[in-house]
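**Q** Have a look at the structure that comes next, please.
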Number of protein chains: 2
Amino acid sequence: MKKGDIRLEEIYNYIKDFVDYNGFPPSVREIGEKFNIKSTSTVHYYLEKMRNRGWITQDANRKRAFSITQTRGRSNYIPLVGNVSAGKGMLATENIEGEIPVPQDMFGENDLYMLRVEGNSMIEAGISDGDYVIVHSQNNAEIGEIVVALWQDKATVKRLRATSPNLVLHPENSELDDIVITPDEDPAIIGKVIGCIKKF
Amino acid sequence: MKKGDIRLEEIYNYIKDFVDYNGFPPSVREIGEKFNIKSTSTVHYYLEKMRNRGWITQDANRKRAFSITQTRGRSNYIPLVGNVSAGKGMLATENIEGEIPVPQDMFGENDLYMLRVEGNSMIEAGISDGDYVIVHSQNNAEIGEIVVALWQDKATVKRLRATSPNLVLHPENSELDDIVITPDEDPAIIGKVIGCIKKF
DNA sequence: AGCAAAACAAAACTTTTGTTCTATTTTTCA
DNA sequence: TGAAAAATAGAACAAAAGTTTTGTTTTGCT
């Protein structure tokens, strides 16, 4: 590899990191300073090269305004909900522990939230204790889908078996029995699990 | 709510979206154009307000360079590696199918890549066909960890059982037997699985 | 060694961009 | 209603940032 290409990549990575960290790109002079390049024209020379290779794009006549043209997936920030408690307003701000970025390509972008799973009742579906499930907020679901149900002031993740006359929730754990909830116990479906993130 | 505060929020959201989309913030005049504000000083007036409220920060004497002070978790963009083929250079650009954002809080930020899992050999560890594993790039691992091993020109995800005299890879699937690879078959560990993202 | 291309420097230049100042209109609220 | 506060405009301005030009040094290759 040519010497210049190594430099080019270094500068490119610097720009990527800079944008990631600051939310705006570095100026020509900032780049120069970082790499001990004493002339702005040299930096310009490298930027031009990146433009030609399609690494970055830049509207003409715009300052500090180039963007990296990467096939970089967008993030979608979804609230991590802590205590999923009583009835309505579970997305109340007090319950939101943070805004977690998830890949938009994978999970779309509308009405999602995230929940930390407790217990291993869904372990045979690949959802274990401590995993984070990505949930689409909705109030009903099809039989067979994995849902988040609110019952007795607690959220639980189970597979939906039946909705009437009773709500039947099926744990994906052969050691556990189905949960049958009668209407008068006032259960509610508050979402459909569309994804799961786990740490090892 | 005061009229100005509504405007302020609208402008703030515009800025957030703009930064998300473009990778750099809009200029004062661009904001003005968007909201039919005819004077740059008016936009300035709003930006100042946001600064006072801590919504944005901006280094003095820097143009087009304010950033939103978000309580949002950071994304870490990691390459999704397609064909994990022969020996070295698996992170060669040709093999990178995209840059996927993953939450930095969960997975740190160094030397990660992502791999699409084929087959259900790790299903009892919660890793199924089609899942995406998050891998820390490293060349050795502890016994018991889930690793990515390169063998016969293919990457495989298994639990590490032994490293000598033979490399023993254990599928987490009771229907499958351990894989024993002798040194002359030239296997290599190319990463440790630290996470998994699955879609339902 | 010698030549072409790549890499870098210096300074001057143009445009963009944020800021400031003053003045006017509109809202808000007592 | 009337005064204070908020919101907006216009123009002028200074600093920052990208660009251009010209030239020099270094590198790569035959």
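Order determines the names: the first chain of the structure tokens is A, the second B, and so forth; residues in each chain are numbered 1 upward, and ligands are numbered 1 upward as they are shown.
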Please identify the alpha helix (DSSP H) residues within region 8-160 of chain A (assignment by DSSP from backbone atoms) and present them as a PyMOL selection string.

**A** chain A and resi 8-22+28-34+40-52+104-107

**Q** So these two share a sequence; what Cα RMSD do you get laying chain A over chain B, all Cα, in order, least squares?

**A**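 The optimal C-alpha superposition leaves an RMSD of 1.7 Å.
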
**Q** Identify all chain C residues at most 10 Å from chain A by counting only C-alpha atoms (C1' of nucleotides); ligands do not count. Present them as a PyMOL selection string.

**A** chain C and resi 6-11+15-17

**Q** Could you check how far CA of His44 (chain A) sits from CA of Gly23 (chain A), in Å to one decimal?

**A**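 These atoms are spaced 21.0 Å apart.
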
**Q** Can you work out which one of B:Leu80, B:Met114, B:Val102, B:Leu150 has the shortest atom-to-atom distance to chain A, counting only C-alpha atoms?

**A**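 Result for the nearest residue to chain A: B:Val102.
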
**Q** Show me, as a PyMOL selection string, the residues that have an atom within 7 Å of Met122 (chain B) when counting only C-alpha atoms (C1' of nucleotides), minus same-chain residues fewer than 6 positions from it.

**A** chain B and resi 128+158+171-173

**Q** The selected residues should be written to file as an mmCIF file, in the first residue's frame (atoms: N, CA and C atoms).

**A**
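Final output, saved to out.cif:
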```cif
data_model
loop_
_atom_site.group_PDB
_atom_site.id
_atom_site.type_symbol
_atom_site.label_atom_id
_atom_site.label_comp_id
_atom_site.auth_asym_id
_atom_site.auth_seq_id
_atom_site.Cartn_x
_atom_site.Cartn_y
_atom_site.Cartn_z
ATOM 1 N N SER B 128 -29.357 -18.444 17.363
ATOM 2 C CA SER B 128 -30.068 -19.219 16.352
ATOM 3 C C SER B 128 -29.662 -18.792 14.947
ATOM 4 N N LYS B 158 -18.742 -21.372 18.045
ATOM 5 C CA LYS B 158 -18.884 -22.512 18.948
ATOM 6 C C LYS B 158 -18.321 -22.152 20.327
ATOM 7 N N PRO B 171 -20.573 -27.468 20.110
ATOM 8 C CA PRO B 171 -21.854 -26.869 19.729
ATOM 9 C C PRO B 171 -22.805 -26.909 20.917
ATOM 10 N N GLU B 172 -23.539 -25.851 21.112
ATOM 11 C CA GLU B 172 -24.559 -25.864 22.160
ATOM 12 C C GLU B 172 -25.857 -26.375 21.552
ATOM 13 N N ASN B 173 -25.815 -27.615 21.187
ATOM 14 C CA ASN B 173 -26.969 -28.264 20.564
ATOM 15 C C ASN B 173 -26.801 -29.750 20.819
#
```

**Q** Once you count only C-alpha atoms, which residues of chain A turn out to be within 8 Å of chain B? Could you give them as a PDB file with N, CA and C atoms, in the first residue's frame?

**A**
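File written: selection_4.pdb
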```pdb
ATOM      1  N   VAL A  19     -16.635  13.055  13.985  1.00  0.00           N
ATOM      2  CA  VAL A  19     -18.068  13.270  13.755  1.00  0.00           C
ATOM      3  C   VAL A  19     -18.885  12.488  14.777  1.00  0.00           C
ATOM      4  N   ASN A  22     -18.341  14.430  18.157  1.00  0.00           N
ATOM      5  CA  ASN A  22     -18.755  15.825  18.279  1.00  0.00           C
ATOM      6  C   ASN A  22     -20.084  16.155  17.623  1.00  0.00           C
ATOM      7  N   GLY A  23     -20.450  15.348  16.665  1.00  0.00           N
ATOM      8  CA  GLY A  23     -21.681  15.670  15.978  1.00  0.00           C
ATOM      9  C   GLY A  23     -21.490  16.624  14.819  1.00  0.00           C
ATOM     10  N   PHE A  24     -20.259  17.016  14.574  1.00  0.00           N
ATOM     11  CA  PHE A  24     -19.958  17.853  13.417  1.00  0.00           C
ATOM     12  C   PHE A  24     -18.542  17.526  12.970  1.00  0.00           C
ATOM     13  N   PRO A  25     -18.249  17.739  11.711  1.00  0.00           N
ATOM     14  CA  PRO A  25     -16.932  17.356  11.196  1.00  0.00           C
ATOM     15  C   PRO A  25     -15.847  18.346  11.575  1.00  0.00           C
ATOM     16  N   LYS A  63     -19.319  25.258   4.565  1.00  0.00           N
ATOM     17  CA  LYS A  63     -18.140  25.104   5.402  1.00  0.00           C
ATOM     18  C   LYS A  63     -18.390  24.113   6.525  1.00  0.00           C
ATOM     19  N   ARG A  64     -17.378  23.427   6.831  1.00  0.00           N
ATOM     20  CA  ARG A  64     -17.441  22.415   7.880  1.00  0.00           C
ATOM     21  C   ARG A  64     -18.664  21.539   7.671  1.00  0.00           C
ATOM     22  N   ALA A  65     -18.827  21.078   6.477  1.00  0.00           N
ATOM     23  CA  ALA A  65     -20.084  20.422   6.184  1.00  0.00           C
ATOM     24  C   ALA A  65     -19.929  19.262   5.217  1.00  0.00           C
ATOM     25  N   PHE A  66     -18.914  18.484   5.387  1.00  0.00           N
ATOM     26  CA  PHE A  66     -18.893  17.276   4.569  1.00  0.00           C
ATOM     27  C   PHE A  66     -19.385  16.114   5.419  1.00  0.00           C
ATOM     28  N   SER A  67     -19.893  15.143   4.752  1.00  0.00           N
ATOM     29  CA  SER A  67     -20.396  13.979   5.480  1.00  0.00           C
ATOM     30  C   SER A  67     -19.790  12.713   4.898  1.00  0.00           C
ATOM     31  N   ILE A  68     -19.611  11.762   5.747  1.00  0.00           N
ATOM     32  CA  ILE A  68     -19.036  10.513   5.289  1.00  0.00           C
ATOM     33  C   ILE A  68     -20.095   9.705   4.581  1.00  0.00           C
ATOM     34  N   GLN A  70     -20.894   6.632   3.971  1.00  0.00           N
ATOM     35  CA  GLN A  70     -20.692   5.230   4.235  1.00  0.00           C
ATOM     36  C   GLN A  70     -22.060   4.602   4.169  1.00  0.00           C
ATOM     37  N   THR A  71     -22.080   3.361   3.887  1.00  0.00           N
ATOM     38  CA  THR A  71     -23.329   2.640   3.895  1.00  0.00           C
ATOM     39  C   THR A  71     -23.626   2.370   5.351  1.00  0.00           C
ATOM     40  N   ARG A  72     -23.512   3.377   6.114  1.00  0.00           N
ATOM     41  CA  ARG A  72     -23.614   3.275   7.531  1.00  0.00           C
ATOM     42  C   ARG A  72     -25.069   3.250   7.927  1.00  0.00           C
ATOM     43  N   GLY A  73     -25.478   2.217   8.620  1.00  0.00           N
ATOM     44  CA  GLY A  73     -26.872   2.131   9.035  1.00  0.00           C
ATOM     45  C   GLY A  73     -27.204   3.233  10.017  1.00  0.00           C
ATOM     46  N   ARG A  74     -28.440   3.641   9.995  1.00  0.00           N
ATOM     47  CA  ARG A  74     -28.867   4.664  10.941  1.00  0.00           C
ATOM     48  C   ARG A  74     -29.220   4.025  12.267  1.00  0.00           C
ATOM     49  N   SER A  75     -29.062   4.813  13.306  1.00  0.00           N
ATOM     50  CA  SER A  75     -29.486   4.364  14.618  1.00  0.00           C
ATOM     51  C   SER A  75     -30.904   4.831  14.873  1.00  0.00           C
ATOM     52  N   TYR A  77     -33.113   5.547  18.204  1.00  0.00           N
ATOM     53  CA  TYR A  77     -33.024   5.600  19.660  1.00  0.00           C
ATOM     54  C   TYR A  77     -34.349   5.212  20.293  1.00  0.00           C
ATOM     55  N   GLY A  98     -33.019   5.264  29.808  1.00  0.00           N
ATOM     56  CA  GLY A  98     -32.062   5.751  28.838  1.00  0.00           C
ATOM     57  C   GLY A  98     -32.579   5.575  27.430  1.00  0.00           C
ATOM     58  N   GLU A  99     -31.901   6.201  26.505  1.00  0.00           N
ATOM     59  CA  GLU A  99     -32.280   6.048  25.105  1.00  0.00           C
ATOM     60  C   GLU A  99     -31.217   5.198  24.435  1.00  0.00           C
ATOM     61  N   ILE A 100     -31.608   4.021  24.047  1.00  0.00           N
ATOM     62  CA  ILE A 100     -30.649   3.063  23.515  1.00  0.00           C
ATOM     63  C   ILE A 100     -30.699   3.048  21.991  1.00  0.00           C
ATOM     64  N   PRO A 101     -29.569   3.145  21.354  1.00  0.00           N
ATOM     65  CA  PRO A 101     -29.579   3.079  19.898  1.00  0.00           C
ATOM     66  C   PRO A 101     -29.673   1.637  19.409  1.00  0.00           C
ATOM     67  N   VAL A 102     -30.568   1.406  18.501  1.00  0.00           N
ATOM     68  CA  VAL A 102     -30.640   0.092  17.857  1.00  0.00           C
ATOM     69  C   VAL A 102     -30.615   0.311  16.348  1.00  0.00           C
ATOM     70  N   PRO A 103     -30.099  -0.654  15.630  1.00  0.00           N
ATOM     71  CA  PRO A 103     -30.011  -0.491  14.175  1.00  0.00           C
ATOM     72  C   PRO A 103     -31.387  -0.384  13.518  1.00  0.00           C
ATOM     73  N   MET A 106     -32.661  -3.051  11.037  1.00  0.00           N
ATOM     74  CA  MET A 106     -33.174  -4.309  11.551  1.00  0.00           C
ATOM     75  C   MET A 106     -34.570  -4.179  12.156  1.00  0.00           C
ATOM     76  N   PHE A 107     -34.802  -3.072  12.801  1.00  0.00           N
ATOM     77  CA  PHE A 107     -36.008  -3.004  13.617  1.00  0.00           C
ATOM     78  C   PHE A 107     -36.968  -1.882  13.252  1.00  0.00           C
ATOM     79  N   ILE A 123     -36.486 -19.094  27.710  1.00  0.00           N
ATOM     80  CA  ILE A 123     -35.121 -19.450  27.312  1.00  0.00           C
ATOM     81  C   ILE A 123     -35.063 -20.306  26.062  1.00  0.00           C
ATOM     82  N   GLU A 124     -36.099 -21.076  25.826  1.00  0.00           N
ATOM     83  CA  GLU A 124     -36.080 -21.917  24.629  1.00  0.00           C
ATOM     84  C   GLU A 124     -36.423 -21.132  23.358  1.00  0.00           C
ATOM     85  N   ALA A 125     -36.810 -19.891  23.545  1.00  0.00           N
ATOM     86  CA  ALA A 125     -36.972 -19.019  22.390  1.00  0.00           C
ATOM     87  C   ALA A 125     -35.728 -18.153  22.217  1.00  0.00           C
ATOM     88  N   GLY A 126     -34.716 -18.436  23.033  1.00  0.00           N
ATOM     89  CA  GLY A 126     -33.474 -17.682  22.920  1.00  0.00           C
ATOM     90  C   GLY A 126     -33.467 -16.406  23.725  1.00  0.00           C
ATOM     91  N   ILE A 127     -34.425 -16.264  24.624  1.00  0.00           N
ATOM     92  CA  ILE A 127     -34.478 -15.067  25.462  1.00  0.00           C
ATOM     93  C   ILE A 127     -34.160 -15.473  26.897  1.00  0.00           C
ATOM     94  N   SER A 128     -33.073 -14.947  27.432  1.00  0.00           N
ATOM     95  CA  SER A 128     -32.623 -15.363  28.752  1.00  0.00           C
ATOM     96  C   SER A 128     -32.687 -14.202  29.731  1.00  0.00           C
ATOM     97  N   VAL A 193     -42.851  -8.543  20.939  1.00  0.00           N
ATOM     98  CA  VAL A 193     -41.389  -8.613  20.933  1.00  0.00           C
ATOM     99  C   VAL A 193     -40.908  -8.866  19.514  1.00  0.00           C
ATOM    100  N   ILE A 194     -40.100  -7.961  18.999  1.00  0.00           N
ATOM    101  CA  ILE A 194     -39.611  -8.123  17.628  1.00  0.00           C
ATOM    102  C   ILE A 194     -38.122  -8.384  17.582  1.00  0.00           C
ATOM    103  N   GLY A 195     -37.474  -8.270  18.738  1.00  0.00           N
ATOM    104  CA  GLY A 195     -36.034  -8.510  18.710  1.00  0.00           C
ATOM    105  C   GLY A 195     -35.490  -8.696  20.106  1.00  0.00           C
ATOM    106  N   CYS A 196     -34.234  -9.054  20.152  1.00  0.00           N
ATOM    107  CA  CYS A 196     -33.600  -9.313  21.442  1.00  0.00           C
ATOM    108  C   CYS A 196     -32.108  -9.050  21.329  1.00  0.00           C
ATOM    109  N   ILE A 197     -31.595  -8.373  22.325  1.00  0.00           N
ATOM    110  CA  ILE A 197     -30.158  -8.130  22.374  1.00  0.00           C
ATOM    111  C   ILE A 197     -29.614  -8.775  23.632  1.00  0.00           C
ATOM    112  N   LYS A 198     -28.602  -9.603  23.464  1.00  0.00           N
ATOM    113  CA  LYS A 198     -28.047 -10.262  24.645  1.00  0.00           C
ATOM    114  C   LYS A 198     -26.539 -10.059  24.740  1.00  0.00           C
ATOM    115  N   LYS A 199     -26.109 -10.001  25.972  1.00  0.00           N
ATOM    116  CA  LYS A 199     -24.676  -9.909  26.238  1.00  0.00           C
ATOM    117  C   LYS A 199     -24.197 -11.236  26.812  1.00  0.00           C
ATOM    118  N   PHE A 200     -22.985 -11.615  26.470  1.00  0.00           N
ATOM    119  CA  PHE A 200     -22.424 -12.837  27.059  1.00  0.00           C
ATOM    120  C   PHE A 200     -21.341 -12.495  28.075  1.00  0.00           C
TER     121      PHE A 200
END
```

**Q** CA of Gly144 (chain B) and CA of Asp184 (chain B) are how many Å apart?

**A**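 Those two atoms sit 23.0 Å apart.
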
**Q** Measure the distance from C1' of DA23 (chain C) to C1' of DA11 (chain D) in Å and round it to one decimal.

**A**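 These atoms are spaced 11.3 Å apart.
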
**Q** Using only C-alpha atoms (C1' of nucleotides), find the residues of chain D whose closest atom to chain A is at most 10 Å away, then write them as a short mmCIF file (atom, residue, chain, number, x, y, z; two decimals) with N, CA and C atoms (P, O5', C5', C4', C3', O3' and C1' of nucleotides), in the first residue's frame.

**A**
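Result went into out.cif, see below:
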```cif
data_model
loop_
_atom_site.label_atom_id
_atom_site.label_comp_id
_atom_site.auth_asym_id
_atom_site.auth_seq_id
_atom_site.Cartn_x
_atom_site.Cartn_y
_atom_site.Cartn_z
P DA D 16 -11.48 32.94 14.77
"O5'" DA D 16 -12.16 31.86 13.82
"C5'" DA D 16 -13.57 31.69 13.90
"C4'" DA D 16 -14.05 30.88 12.74
"C3'" DA D 16 -13.17 29.69 12.38
"O3'" DA D 16 -14.03 28.60 12.11
"C1'" DA D 16 -13.44 31.05 10.47
P DA D 17 -13.45 27.13 12.12
"O5'" DA D 17 -13.56 26.75 10.59
"C5'" DA D 17 -14.79 27.00 9.92
"C4'" DA D 17 -14.60 26.91 8.44
"C3'" DA D 17 -13.59 25.84 8.00
"O3'" DA D 17 -14.19 25.00 7.06
"C1'" DA D 17 -13.16 27.90 6.92
P DG D 18 -13.42 23.73 6.50
"O5'" DG D 18 -13.42 24.05 4.95
"C5'" DG D 18 -14.68 24.20 4.31
"C4'" DG D 18 -14.49 24.80 2.94
"C3'" DG D 18 -13.63 23.95 1.99
"O3'" DG D 18 -14.20 23.98 0.70
"C1'" DG D 18 -12.67 26.10 2.23
P DT D 19 -13.50 23.16 -0.47
"O5'" DT D 19 -12.67 24.26 -1.23
"C5'" DT D 19 -13.33 25.45 -1.64
"C4'" DT D 19 -12.38 26.33 -2.43
"C3'" DT D 19 -11.50 25.59 -3.44
"O3'" DT D 19 -11.73 26.16 -4.72
"C1'" DT D 19 -10.20 27.06 -2.12
P DT D 20 -11.11 25.50 -5.99
"O5'" DT D 20 -9.88 26.45 -6.31
"C5'" DT D 20 -10.03 27.86 -6.18
"C4'" DT D 20 -8.69 28.54 -6.34
"C3'" DT D 20 -7.74 27.88 -7.35
"O3'" DT D 20 -7.36 28.85 -8.30
"C1'" DT D 20 -6.63 28.30 -5.31
P DT D 27 10.37 10.31 2.05
"O5'" DT D 27 9.68 9.52 0.86
"C5'" DT D 27 8.26 9.63 0.66
"C4'" DT D 27 7.89 9.03 -0.68
"C3'" DT D 27 8.38 7.61 -0.91
"O3'" DT D 27 7.25 6.77 -1.08
"C1'" DT D 27 8.75 8.97 -2.82
P DG D 28 7.45 5.20 -1.18
"O5'" DG D 28 7.35 4.98 -2.75
"C5'" DG D 28 6.28 5.56 -3.47
"C4'" DG D 28 6.36 5.16 -4.93
"C3'" DG D 28 6.83 3.72 -5.18
"O3'" DG D 28 6.04 3.17 -6.22
"C1'" DG D 28 8.32 5.25 -6.25
#
```

**Q** Determine, counting only C-alpha atoms (C1' of nucleotides), which protein, DNA and RNA residues have an atom within 8 Å of an atom of Val180 (chain B); residues of the same chain fewer than 2 positions away are not included. Present the result as a PyMOL selection string.

**A** chain B and resi 166-169+178+182

**Q** List every residue of region 7-197 of chain B that DSSP, applied to the backbone of this structure, places in strand (DSSP E), and write the result as JSON, numbers by chain.

**A** {"B": [56, 57, 58, 66, 67, 68, 75, 76, 77, 78, 79, 80, 81, 96, 97, 98, 99, 100, 101, 102, 103, 112, 113, 114, 115, 116, 132, 133, 134, 135, 136, 146, 147, 148, 149, 150, 151, 154, 155, 156, 157, 158, 159, 160, 161, 162, 167, 168, 169, 170, 179, 180, 181, 188, 189, 190, 191, 192, 193, 194, 195, 196, 197]}
